[in-house]
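These notes concern the structure reproduced below.
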Amino acid sequence: MPDAPRAYRGLLDRYRRRLPVSDSTPIVNLYEGNTPLLHLENIPRDAGIDAEIWVKFEGLNPTGSFKDRGMTMAVSRALEEGSRAIICASTGNTSASAAAYAARAGMQAFVLIPDGKIAVGKLAQAMMHGATVIKIGGNFDDGMRLVRETAEEAPVTIVNSINPYRLQGQKTVAFEVVEALGRAPDYHCLPVGNAGNISAHWIGYSECCPEERNCITEACNFCGGDCPYAGTPLADSRPVMVGYQARGAAPFVEGHPVEKPDTVATAIRIGNPQSWDLALATARESGGWFDAFDDDAILATQKLLAEREGIFCEPASAVAVSGAIKDLKSGRIAAGSTVVCTLTGHGLKDSDIAIAQSSAPVITVRAERNAVRDAIMGALA
Ligand code: AN7
């Protein structure tokens with residue numbers, strides 16, 4: 001690799017000591033991570049909310065979602081272990097990410113997706129990166145079962161979040177939040193589908209908080225020796241973790257798997273989450289909870305973020321902000337809190353949804369100066 005000493009080279013480079021990487025691990029990366037933590041300027045003020053709300057915009061990862069954090073780790077280890085092919089079931093983002101990292105690694109990718117129920121941009125990504133796309137006449141949960149069964153017979157490595165390296169890579173989001181804030185937030189709100197990401201956030205925050213792990217003092221961070229915390233961003237607390245789902249796909253709110261999940265937020269159209277126990281433990285240990293929102297509320301928040309903050313996330317991501325606003329208004333999240341919401345994916349992935357619900361004026365005129373001027377004068381606020 002050419003020498004560019006100051007260039008950012010992704011998570012496995014940045015957090016090498018904190019991840020299951022060794023000198024013999026071939027690192028497959030796209031310089032993922034290092035995403036911005038943006039302060040919401042307008043929405044809290046408009047809503048009369050007294051809190052600092054920050055959004056971790058994971059849509060700015062290389063393939064446009066947080067999945068890249070887990071995929072760099074899982075694909076690097078798969079390659080190290082001699083695997084030639086990876087497989088996943090996906091509501092879209094995992095397949096896009098798996099396809100890209102497989103391309104980078106020179107591996108084959110097989111992705112099982114629910115026919116007709118993934119955003120067109122995600123399908124385009126999987127196809128463009130050369131994955132073999134297998135459309136199934138079922139939902140994500142069916143795909144997940146089929147992947148588990150297939151992997152018993154075919155030489156393929158599963159890169160869904162049941163692959164433990166995925167959560168290891170994804171825990172780094174918490175490191176970055178602690179580094180950016182200089183502390184852990186009071187609350188961390190995020191969408192929950194298969195429930196890997198909320199669990200990964202909790203692992204990451206726990207590793208930043210030596211007090212909770214009965215281990216060391218802050219001084220260790222600077223020892224530079226074999227201290228397990230060397231290089232870890234440190235915090236003296238962990239956030240309350242709050243998971244939000246779509247009403248039609250809310251197994252954690254209902255307390256049991258959902259047979260036929262349905263929501264406009266196709267990324268989280270999941271009824272039988274694989275990380276069920278980890279997510280429940282996260283909520284219990286952190287003092288958090290789960291809640292659900294209707295599709296209309298989710299889309300309204302997606303639009304609010306785009307119109308009032310200039311941030312375009314996908315519908316599934318917006319549910320985190322729907323939740324933070326509701327819980328701040330009701331007082332369930334205490335006034336004055338520092339709240340971080342993970343915006344898990346980019347809005348461009350689902351342009352159909354965006355255009356369908358947009359109310360922005362589109363004016364068609366002749367290609368003449370007067371016509372354009374009249375259109376502008378008529379629309380000026
Ligand atoms: C934008 O791509 O499950 O609770 O197969 O794409 O860790 O599953 C996507 C999940 C939130 C939920 N936001 O995260 C897949 C897939 C977006 C997502 C989630 C997903 P998990």
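Simple scheme: letters A, B, ... for chains in structure tokens order, numbers from 1 for residues in each chain, numbers from 1 for ligands in the order shown.
Neighbours of segment 37-52 of chain A closer than or equal to 8 Å, with only C-alpha atoms counted and sequence neighbours fewer than 5 positions away skipped, come out as Phe57, Val177, Ala180, Leu304, Leu305, Arg308, Glu309, Ile325, Leu328, Lys329, Ala335, Gly336, Ser337, Thr338 and Val339 of chain A.
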(request) as a PyMOL selection string, please: all residues of segment 73-173 of chain A that backbone DSSP puts in alpha helix (DSSP H). (result) chain A and resi 73-80+93-105+120-128+140-151+164-170+172-173
Using N, CA and C atoms, can you write the selected residues to a file as a compact mmCIF listing (two decimals), in the first residue's frame?
```txt
# COMPACT_ATOMS: atom_id res chain seq x y z
N MET A 73 -14.61 -6.10 9.24
CA MET A 73 -14.11 -7.07 10.22
C MET A 73 -14.43 -8.51 9.77
N ALA A 74 -15.69 -8.74 9.42
CA ALA A 74 -16.12 -10.11 9.08
C ALA A 74 -15.44 -10.61 7.81
N VAL A 75 -15.30 -9.75 6.82
CA VAL A 75 -14.70 -10.20 5.56
C VAL A 75 -13.19 -10.39 5.72
N SER A 76 -12.56 -9.52 6.50
CA SER A 76 -11.12 -9.71 6.74
C SER A 76 -10.86 -11.06 7.41
N ARG A 77 -11.67 -11.41 8.39
CA ARG A 77 -11.46 -12.67 9.09
C ARG A 77 -11.84 -13.87 8.21
N ALA A 78 -12.87 -13.69 7.40
CA ALA A 78 -13.24 -14.79 6.49
C ALA A 78 -12.09 -15.08 5.53
N LEU A 79 -11.48 -14.02 5.03
CA LEU A 79 -10.36 -14.19 4.09
C LEU A 79 -9.18 -14.84 4.81
N GLU A 80 -8.92 -14.40 6.01
CA GLU A 80 -7.82 -14.96 6.80
C GLU A 80 -8.02 -16.46 7.03
N ASN A 93 -29.19 -3.36 3.10
CA ASN A 93 -27.91 -2.74 3.41
C ASN A 93 -26.79 -3.76 3.63
N THR A 94 -27.10 -4.86 4.29
CA THR A 94 -26.07 -5.87 4.49
C THR A 94 -25.61 -6.42 3.14
N SER A 95 -26.55 -6.60 2.23
CA SER A 95 -26.18 -7.15 0.93
C SER A 95 -25.31 -6.16 0.15
N ALA A 96 -25.63 -4.88 0.24
CA ALA A 96 -24.82 -3.86 -0.44
C ALA A 96 -23.39 -3.86 0.10
N SER A 97 -23.29 -3.94 1.41
CA SER A 97 -21.98 -3.89 2.05
C SER A 97 -21.19 -5.17 1.78
N ALA A 98 -21.86 -6.31 1.91
CA ALA A 98 -21.18 -7.60 1.67
C ALA A 98 -20.65 -7.64 0.23
N ALA A 99 -21.47 -7.17 -0.70
CA ALA A 99 -21.06 -7.19 -2.11
C ALA A 99 -19.82 -6.34 -2.33
N ALA A 100 -19.79 -5.17 -1.72
CA ALA A 100 -18.65 -4.27 -1.91
C ALA A 100 -17.37 -4.84 -1.30
N TYR A 101 -17.48 -5.36 -0.09
CA TYR A 101 -16.26 -5.87 0.57
C TYR A 101 -15.78 -7.16 -0.09
N ALA A 102 -16.72 -7.96 -0.59
CA ALA A 102 -16.31 -9.16 -1.33
C ALA A 102 -15.56 -8.76 -2.59
N ALA A 103 -16.06 -7.71 -3.27
CA ALA A 103 -15.38 -7.23 -4.47
C ALA A 103 -13.96 -6.80 -4.13
N ARG A 104 -13.83 -6.08 -3.05
CA ARG A 104 -12.52 -5.57 -2.63
C ARG A 104 -11.57 -6.73 -2.30
N ALA A 105 -12.14 -7.80 -1.75
CA ALA A 105 -11.32 -8.94 -1.30
C ALA A 105 -11.09 -9.96 -2.41
N VAL A 120 -34.42 0.26 -4.02
CA VAL A 120 -33.79 0.04 -5.33
C VAL A 120 -32.29 0.36 -5.31
N GLY A 121 -31.89 1.35 -4.54
CA GLY A 121 -30.47 1.70 -4.49
C GLY A 121 -29.63 0.57 -3.90
N LYS A 122 -30.19 -0.12 -2.94
CA LYS A 122 -29.45 -1.23 -2.30
C LYS A 122 -29.30 -2.40 -3.26
N LEU A 123 -30.36 -2.65 -4.01
CA LEU A 123 -30.29 -3.71 -5.02
C LEU A 123 -29.25 -3.34 -6.09
N ALA A 124 -29.27 -2.06 -6.48
CA ALA A 124 -28.30 -1.60 -7.48
C ALA A 124 -26.88 -1.82 -6.97
N GLN A 125 -26.64 -1.55 -5.70
CA GLN A 125 -25.30 -1.74 -5.14
C GLN A 125 -24.87 -3.20 -5.20
N ALA A 126 -25.73 -4.08 -4.74
CA ALA A 126 -25.38 -5.52 -4.74
C ALA A 126 -25.06 -5.99 -6.15
N MET A 127 -25.88 -5.54 -7.11
CA MET A 127 -25.68 -5.97 -8.50
C MET A 127 -24.40 -5.36 -9.07
N MET A 128 -24.20 -4.09 -8.82
CA MET A 128 -23.04 -3.38 -9.37
C MET A 128 -21.73 -3.97 -8.88
N PHE A 140 -37.19 -11.35 5.21
CA PHE A 140 -35.83 -11.46 5.74
C PHE A 140 -35.68 -12.68 6.65
N ASP A 141 -36.67 -12.92 7.48
CA ASP A 141 -36.57 -14.02 8.45
C ASP A 141 -36.47 -15.37 7.73
N ASP A 142 -37.22 -15.52 6.63
CA ASP A 142 -37.10 -16.73 5.82
C ASP A 142 -35.69 -16.83 5.23
N GLY A 143 -35.20 -15.68 4.76
CA GLY A 143 -33.86 -15.64 4.17
C GLY A 143 -32.79 -16.04 5.18
N MET A 144 -32.95 -15.56 6.39
CA MET A 144 -31.98 -15.87 7.44
C MET A 144 -31.94 -17.37 7.72
N ARG A 145 -33.12 -17.97 7.77
CA ARG A 145 -33.19 -19.42 8.01
C ARG A 145 -32.52 -20.18 6.86
N LEU A 146 -32.80 -19.73 5.63
CA LEU A 146 -32.22 -20.40 4.46
C LEU A 146 -30.70 -20.26 4.42
N VAL A 147 -30.22 -19.11 4.84
CA VAL A 147 -28.77 -18.90 4.87
C VAL A 147 -28.12 -19.85 5.87
N ARG A 148 -28.70 -19.97 7.04
CA ARG A 148 -28.15 -20.90 8.05
C ARG A 148 -28.12 -22.33 7.50
N GLU A 149 -29.22 -22.72 6.85
CA GLU A 149 -29.30 -24.08 6.32
C GLU A 149 -28.30 -24.31 5.20
N THR A 150 -28.21 -23.33 4.30
CA THR A 150 -27.32 -23.46 3.14
C THR A 150 -25.86 -23.54 3.55
N ALA A 151 -25.51 -22.74 4.57
CA ALA A 151 -24.10 -22.67 4.99
C ALA A 151 -23.63 -23.99 5.58
N PRO A 164 -19.87 -13.30 14.78
CA PRO A 164 -19.49 -12.44 15.92
C PRO A 164 -18.54 -11.31 15.53
N TYR A 165 -17.81 -11.46 14.45
CA TYR A 165 -16.90 -10.39 14.04
C TYR A 165 -17.67 -9.14 13.61
N ARG A 166 -18.90 -9.34 13.14
CA ARG A 166 -19.71 -8.20 12.75
C ARG A 166 -19.91 -7.23 13.92
N LEU A 167 -20.33 -7.77 15.06
CA LEU A 167 -20.59 -6.90 16.21
C LEU A 167 -19.30 -6.26 16.70
N GLN A 168 -18.20 -6.98 16.61
CA GLN A 168 -16.92 -6.41 17.01
C GLN A 168 -16.60 -5.17 16.17
N GLY A 169 -16.77 -5.27 14.88
CA GLY A 169 -16.53 -4.10 14.03
C GLY A 169 -17.50 -2.96 14.35
N GLN A 170 -18.75 -3.32 14.55
CA GLN A 170 -19.78 -2.31 14.75
C GLN A 170 -19.67 -1.61 16.11
N THR A 172 -17.30 -0.12 17.23
CA THR A 172 -16.44 1.07 17.11
C THR A 172 -17.23 2.36 17.00
N VAL A 173 -18.51 2.26 16.67
CA VAL A 173 -19.32 3.48 16.58
C VAL A 173 -19.36 4.16 17.95
```
(message) As a quick test: using only C-alpha atoms and all ligand atoms, which residues lie no more than 8 Å away from ligand 1? Give them as number ranges by chain.
(response) A: 59, 65-67, 88-96, 140, 160-161, 190-199, 267-268, 270, 273, 314-317, 343-346
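Interatomic distance, atom CA of Val319 of chain A against atom CA of Ala200 of chain A: 18.5 Å.
Summary of the local environment: counting only C-alpha atoms, residues at most 10 Å from Gly138 of chain A, other than itself and those fewer than 4 positions away along its chain, are A:Leu112, A:Ile113, A:Pro114, A:Asp115, A:Gly116, A:Lys117, A:Asp142, A:Gly143, A:Lys260.
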(request) Give the strand (DSSP E or B) residues of segment 154-273 of chain A, as assigned by DSSP on the backbone, as a list in words. (result)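 Residues meeting the strand (DSSP E or B) criterion: Thr157, Ile158, Tyr187, His188, Cys189, Leu190, Pro191, Val240, Met241, Val242, Gly243, Tyr244, Gln245, Ala246 and Ala249 of chain A.
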With N, CA and C atoms retained, write the just-selected residues as a PDB file, in the first residue's frame.
```pdb
ATOM      1  N   THR A 157     -19.126 -18.460   3.975  1.00  0.00           N
ATOM      2  CA  THR A 157     -19.096 -17.883   5.326  1.00  0.00           C
ATOM      3  C   THR A 157     -20.257 -16.914   5.504  1.00  0.00           C
ATOM      4  N   ILE A 158     -21.032 -17.111   6.560  1.00  0.00           N
ATOM      5  CA  ILE A 158     -22.165 -16.214   6.828  1.00  0.00           C
ATOM      6  C   ILE A 158     -21.641 -14.882   7.357  1.00  0.00           C
ATOM      7  N   TYR A 187     -28.178   9.285  26.761  1.00  0.00           N
ATOM      8  CA  TYR A 187     -29.073   8.344  26.077  1.00  0.00           C
ATOM      9  C   TYR A 187     -28.538   8.096  24.666  1.00  0.00           C
ATOM     10  N   HIS A 188     -28.688   6.866  24.203  1.00  0.00           N
ATOM     11  CA  HIS A 188     -28.372   6.583  22.801  1.00  0.00           C
ATOM     12  C   HIS A 188     -29.586   5.899  22.175  1.00  0.00           C
ATOM     13  N   CYS A 189     -30.122   6.525  21.149  1.00  0.00           N
ATOM     14  CA  CYS A 189     -31.348   6.054  20.502  1.00  0.00           C
ATOM     15  C   CYS A 189     -31.010   5.501  19.122  1.00  0.00           C
ATOM     16  N   LEU A 190     -31.572   4.340  18.779  1.00  0.00           N
ATOM     17  CA  LEU A 190     -31.303   3.819  17.433  1.00  0.00           C
ATOM     18  C   LEU A 190     -32.405   2.857  16.984  1.00  0.00           C
ATOM     19  N   PRO A 191     -32.505   2.683  15.657  1.00  0.00           N
ATOM     20  CA  PRO A 191     -33.489   1.734  15.141  1.00  0.00           C
ATOM     21  C   PRO A 191     -33.048   0.304  15.442  1.00  0.00           C
ATOM     22  N   VAL A 240     -28.053   5.186  28.548  1.00  0.00           N
ATOM     23  CA  VAL A 240     -29.272   4.384  28.492  1.00  0.00           C
ATOM     24  C   VAL A 240     -29.515   4.091  27.016  1.00  0.00           C
ATOM     25  N   MET A 241     -29.723   2.827  26.678  1.00  0.00           N
ATOM     26  CA  MET A 241     -29.894   2.460  25.266  1.00  0.00           C
ATOM     27  C   MET A 241     -31.384   2.310  24.944  1.00  0.00           C
ATOM     28  N   VAL A 242     -31.853   3.042  23.952  1.00  0.00           N
ATOM     29  CA  VAL A 242     -33.265   2.987  23.608  1.00  0.00           C
ATOM     30  C   VAL A 242     -33.426   2.539  22.155  1.00  0.00           C
ATOM     31  N   GLY A 243     -34.199   1.478  21.950  1.00  0.00           N
ATOM     32  CA  GLY A 243     -34.375   0.905  20.618  1.00  0.00           C
ATOM     33  C   GLY A 243     -35.768   1.186  20.073  1.00  0.00           C
ATOM     34  N   TYR A 244     -35.825   1.656  18.825  1.00  0.00           N
ATOM     35  CA  TYR A 244     -37.116   1.977  18.218  1.00  0.00           C
ATOM     36  C   TYR A 244     -37.351   1.099  16.998  1.00  0.00           C
ATOM     37  N   GLN A 245     -38.617   0.698  16.837  1.00  0.00           N
ATOM     38  CA  GLN A 245     -38.992  -0.179  15.733  1.00  0.00           C
ATOM     39  C   GLN A 245     -40.163   0.434  14.967  1.00  0.00           C
ATOM     40  N   ALA A 246     -40.456  -0.163  13.820  1.00  0.00           N
ATOM     41  CA  ALA A 246     -41.655   0.227  13.083  1.00  0.00           C
ATOM     42  C   ALA A 246     -42.817  -0.576  13.647  1.00  0.00           C
ATOM     43  N   ALA A 249     -43.478  -4.068  12.622  1.00  0.00           N
ATOM     44  CA  ALA A 249     -42.341  -4.998  12.727  1.00  0.00           C
ATOM     45  C   ALA A 249     -41.651  -4.744  14.067  1.00  0.00           C
TER      46      ALA A 249
END
```
(request) Do a neighbour search on Ile87 of chain A at 7 Å with only C-alpha atoms, toss out local chain neighbours closer than 5 positions, and write the hits as an MDAnalysis selection string. (result) chainID A and resid 109:111 156:159
(request) Could you tell me how far atom CA of Gly64 of chain A lies from atom CA of Leu348 of chain A, in Å and to one decimal? (result)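 These atoms are spaced 8.6 Å apart.
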